[in-house]
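This report concerns only the one structure given below.
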Amino acid sequence: MSRSLRRVPAVSALLALALTATACDGGVHGTPGGSGVRDPYFPKAGNGGYDVGHYALTLDYTPTSRHLTGTAVITARATEDLSAFDLDLVGLRVESVTVEGRKARFSRAGQELTVRPRDDLSEGETFRTTVRYSGTPRTLTDPDGSAEGWLPTADGALGLGEPVGSMTWFPGDHHPSDKAAYDITVTVPKGLQAVSNGELTSRSTKGGRTTYAWHMAQPMASYLATVAVGHFTMTRTEGPHGLPVLTAVDPTQAKASEKVLAKIPAIIKWEEYNFGPYPFSSTGAVVDRPEDAQYALETQTRPVFPGAPDTSTLVHELAHQWYGDSVTPRSWRDMWLNEGFATYAEWLYREDFGGKSVQETFDEYYEGDHEEVWAFPPAKPSSAAHISDSPVYQRGAMVLQKIRQEIGDDAFWDLLKGWAAAHRHGSVSTADFTAYVEKRAPGHDFRGIWRDWLYGDGKPAHP
């Protein structure tokens with residue numbers, strides 16, 4: 001654009017400069033977004049001021065050096081006028097940040113990567129942030145002592161993110177209240193596999209390295225994202241109505257896993273009968289070595305298991321695809337909405353396949369020596385270190401059985417399916433659930449169940 005050299009009176013020049021400045025930033029005068037969402041147990045997790053719609057992660061990992069190189073392209077919508085915003089990222093070296101293709105200033109403090117775009121972002125604006133980073137990803141120790149984040153394994157690595165470990169290998173809004181679609185591309189040395197969520201869209205080898213591209217179309221909380229790098233036998237079969245089933249099994253676990261993993265299609269069919277249509281476009285499992293992780297995790301579409309799972313554990317983690325992955329807790333206080341439901345699925349499966357009835361299991365916990373179940377109410381874990389303790393699992397399942405006793409079987413099955421359908425791919429709170437139950441079952445008084453079983457301290461006086 002040519003520029004006129006015509007002289008302009010001083011006042012007119014100042015006015016022109018003011019109008020030009022207004023035109024550049026659209027008149028937006030934002031403020032920094034929050035550096036956390038005030039989760040009751042993980043207050044620094046997540047960020048305010050925006051909502052992520054899509055992550056495109058391009059990763060390159062070499063197990064021998066444990067070096068990760070990554071590019072994260074994060075597409076988000078501003079929920080307020082923003083002059084700056086935060087991303088969660090622990091460790092790793094940030095090399096550059098751009099917002100809408102323009103270089104942005106950034107700073108680091110703890111787990112916060114603060115980004116200051118060249119121009120303020122207006123409320124409702126969709127913007128794209130690109131972060132380039134590298135280094136050795138960390139393994140974190142949870143408040144309960146378990147390991148999460150990036151776990152080096154005998155032949156690769158395993159990314160597990162509950163509750164906040166995903167921030168060790170990619171920057172983002174790491175709180176379950178913000179879900180997004182994902183494309184995860186991982187390059188590893190030739191001969192290794194890289195397994196992630198969703199569907200494998202491409203695989204190519206060049207220069208001694210193989211690239212795997214995975215696509216997760218449905219919304220996913222960051223703690224459910226996974227990457228498993230190593231030697232795996234990958235098997236593709238079909239489940240109900242042609243649902244793709246992809247399993248990745250460490251060769252040392254192949255024989256022990258074969259029979260139980262063959263049950264996945266039948267388990268999905270049974271869970272669809274009880275919980276409604278499967279909420280994602282594929283399913284499966286990752287089975288790594290027992291020493292690589294100390295727990296199973298319901299990573300979306302493809303749960304991870306430390307060694308061959310038993311049938312009950314497989315039922316539990318697949319039930320999470322409805323309750324936890326599709327219907328996700330709004331805060332970590334609401335974990336019983338994950339674990340109570342998945343535990344109830346175990347009890348129900350046992351009841352349907354010749355084992356103890358759900359009521360018999362309920363009675364055993366109530367009448368037996370299970371003081372750990374009564375340590376705190378399922379909807380009020382005592383601290384971050386206890387969000388995965390027995391009251392969240394077993395007593396959470398007992399809450400569901402109390403509802404079943406109150407409203408009867410037919411209404412209860414409708415409620416289980418209706419809850420999964422009404423909040424499909426959303427985030428929910430305990431208050432959402434109690435309101436839903438009361439709305440779906442008018443004429444019943446749930447006050448005692450909420451008071452004594454869901455929120456009450458100690459063992460309720462009557463079963």
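By convention here, the chains of the structure tokens are called A, B, ... in the order presented, each chain's residues are numbered starting at 1, and ligands are numbered starting at 1 in the order presented.
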* If you run DSSP on this backbone, which residues of stretch 260-370 of chain A come out as strand (DSSP E), and could you give them as a PyMOL selection string? -> chain A and resi 283-288+304-306+328-329
* Neighbour list for stretch 312-320 of chain A as a ChimeraX atom specification, cut-off 6 Å, only C-alpha atoms, skip fewer than 6 positions in-chain -> /A:298,342,346
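You will find atom CA of A:Glu406 at 25.4 Å from atom CA of A:Thr328.
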* Asked: So, counting only C-alpha atoms, which residue among A:Ser281, A:Asn274, A:Thr168, A:Thr130 is closest to A:Leu200?
  -> A:Ser281
* Asked: Of the candidates A:Ala45, A:Ala181, A:Leu297, A:Val392, which shows the shortest atom-to-atom distance to A:Ala221, using only C-alpha atoms?
  -> A:Ala181
* Structure fact -> Using only C-alpha atoms, the shortest atom-to-atom distance to A:Pro143 among A:Tyr50, A:Tyr41, A:Phe232, A:Trp214 belongs to A:Tyr41
* **Residue contacts of stretch 227-230 of chain A (8 Å, only C-alpha atoms) excluding same-chain residues fewer than 2 positions away, as a ChimeraX atom specification** => /A:153,155-160,188,192-197,225,232,250,286
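Across the structure, atom CA of A:Tyr323 and atom CA of A:Phe305 are spaced 18.1 Å apart.
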* Find the residue from A:Val399, A:Ala56, A:Ala154, A:Val115 that sits nearest to A:Arg102; use only C-alpha atoms when measuring. =>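 Checking each of A:Val399, A:Ala56, A:Ala154, A:Val115 against A:Arg102, counting only C-alpha atoms, the winner is A:Val115.
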